[in-house]
Amino acid sequence: MVLGKVDAAVLAERERIATRGRSELAAAGLPVVVPGLDQIVSSGVEVSVCEFDDCSGVKVTWRCSSRLWLSAKQAVDFERPDMPLIQHHRTVVEAMTPAIRTILVSVGFEVFGSKSNRAPRSIDLLSAPEAEVPPVWWLPDDELDG
């Protein structure tokens with residue numbers, strides 16, 4: 001089965017939604033992963049864009065520190081599901097996901113829980129505020145002078 005790619009206009013809209021999401025999450029004080037950064041040197045909120053037509057388009061995932069992620073991955077690889085660090089990793093991700101969802105909904109995003117088997121604890125972004133709508137944290141210059 002060959003996956004089809006979305007057209008340029010759809011991809012551009014997905015990129016706009018992702019960029020706005022990264023900006024809003026950074027404004028809330030969360031560390032945001034730079035797109036393309038290797039997982040071994042990154043942690044925080046990852047907002048990624050899918051270019052294929054069989055996905056939701058924009059996915060938001062919490063990345064724990066590389067130390068916690070690697071340790072949990074090794075425990076799984078060595079078939080040690082009883083290790084407390086696996087549950088701790090899951091707990092951290094499960095705690096961060098609703099916080100991220102709440103922040104995004106608060107500033108006007110339409111979100112839903114991921115249907116992906118590959119990223120079950122992630123959030124899919126369906127839409128963002130229109131480009132003409134300024135972020136809630138943006139104050140016009142005349143409001144700053146007072």
# chains A, B, ... in the order shown; residues from 1 in each chain; ligands from 1
call {"tool": "select_by_dssp", "arguments": {"residues": "segment 78-131 of chain A", "states": "strand (DSSP E or B)", "output": "ChimeraX atom specification"}}
result
/A:110-113,123-127
call {"tool": "residues_around", "arguments": {"residues": "Pro35 of chain A", "least_positions_apart": "2", "cutoff": "9 Å", "atoms": "only C-alpha atoms", "output": "list in words"}}
result
Val33, Leu37, Asp38, Glu46, Val47 and Ser48 of chain A
call {"tool": "write_last_selection", "arguments": {"atoms": "C-alpha atoms", "output": "PDB file, in the first residue's frame"}}
result
ATOM      1  CA  VAL A  33      11.605  20.526  20.928  1.00  0.00           C
ATOM      2  CA  LEU A  37      16.402  17.541  16.752  1.00  0.00           C
ATOM      3  CA  ASP A  38      17.581  14.065  17.713  1.00  0.00           C
ATOM      4  CA  GLU A  46       7.314  17.921  20.386  1.00  0.00           C
ATOM      5  CA  VAL A  47       4.915  19.242  17.744  1.00  0.00           C
ATOM      6  CA  SER A  48       5.277  17.310  14.500  1.00  0.00           C
TER       7      SER A  48
END
call {"tool": "closest_residue", "arguments": {"among": "A:Phe52, A:Trp62, A:Trp138, A:Trp69", "to": "His88 of chain A", "atoms": "only C-alpha atoms"}}
result
A:Trp69
call {"tool": "residues_around", "arguments": {"residues": "Thr61 of chain A", "least_positions_apart": "6", "cutoff": "8 Å", "atoms": "only C-alpha atoms", "output": "PyMOL selection string"}}
result
chain A and resi 45-47+97+119+121-123
call {"tool": "residues_around", "arguments": {"residues": "Leu70 of chain A", "least_positions_apart": "4", "cutoff": "12 Å", "atoms": "only C-alpha atoms", "output": "list in words"}}
result
Gln39, Ile40, Val41, Ser42, Ser43, Arg63, Cys64, Ser65, Ser66, Gln74, Ala75, Val76, Asp77, Leu85, Ile86 and His89 of chain A
call {"tool": "closest_residue", "arguments": {"among": "A:Met83, A:Val93, A:Val136, A:Val32", "to": "Val107 of chain A", "atoms": "only C-alpha atoms"}}
result
A:Val136
call {"tool": "select_by_dssp", "arguments": {"residues": "chain A", "states": "alpha helix (DSSP H)", "output": "VMD selection string"}}
result
chain A and resid 8 to 27 66 to 77 84 to 106 141 to 144
call {"tool": "closest_residue", "arguments": {"among": "A:Arg14, A:Lys73, A:Arg22, A:Arg80", "to": "Ser56 of chain A", "atoms": "only C-alpha atoms"}}
result
A:Arg14
call {"tool": "atom_distance", "arguments": {"atom1": "atom CA of Pro140 of chain A", "atom2": "atom CA of Glu24 of chain A"}}
result
17.1 Å
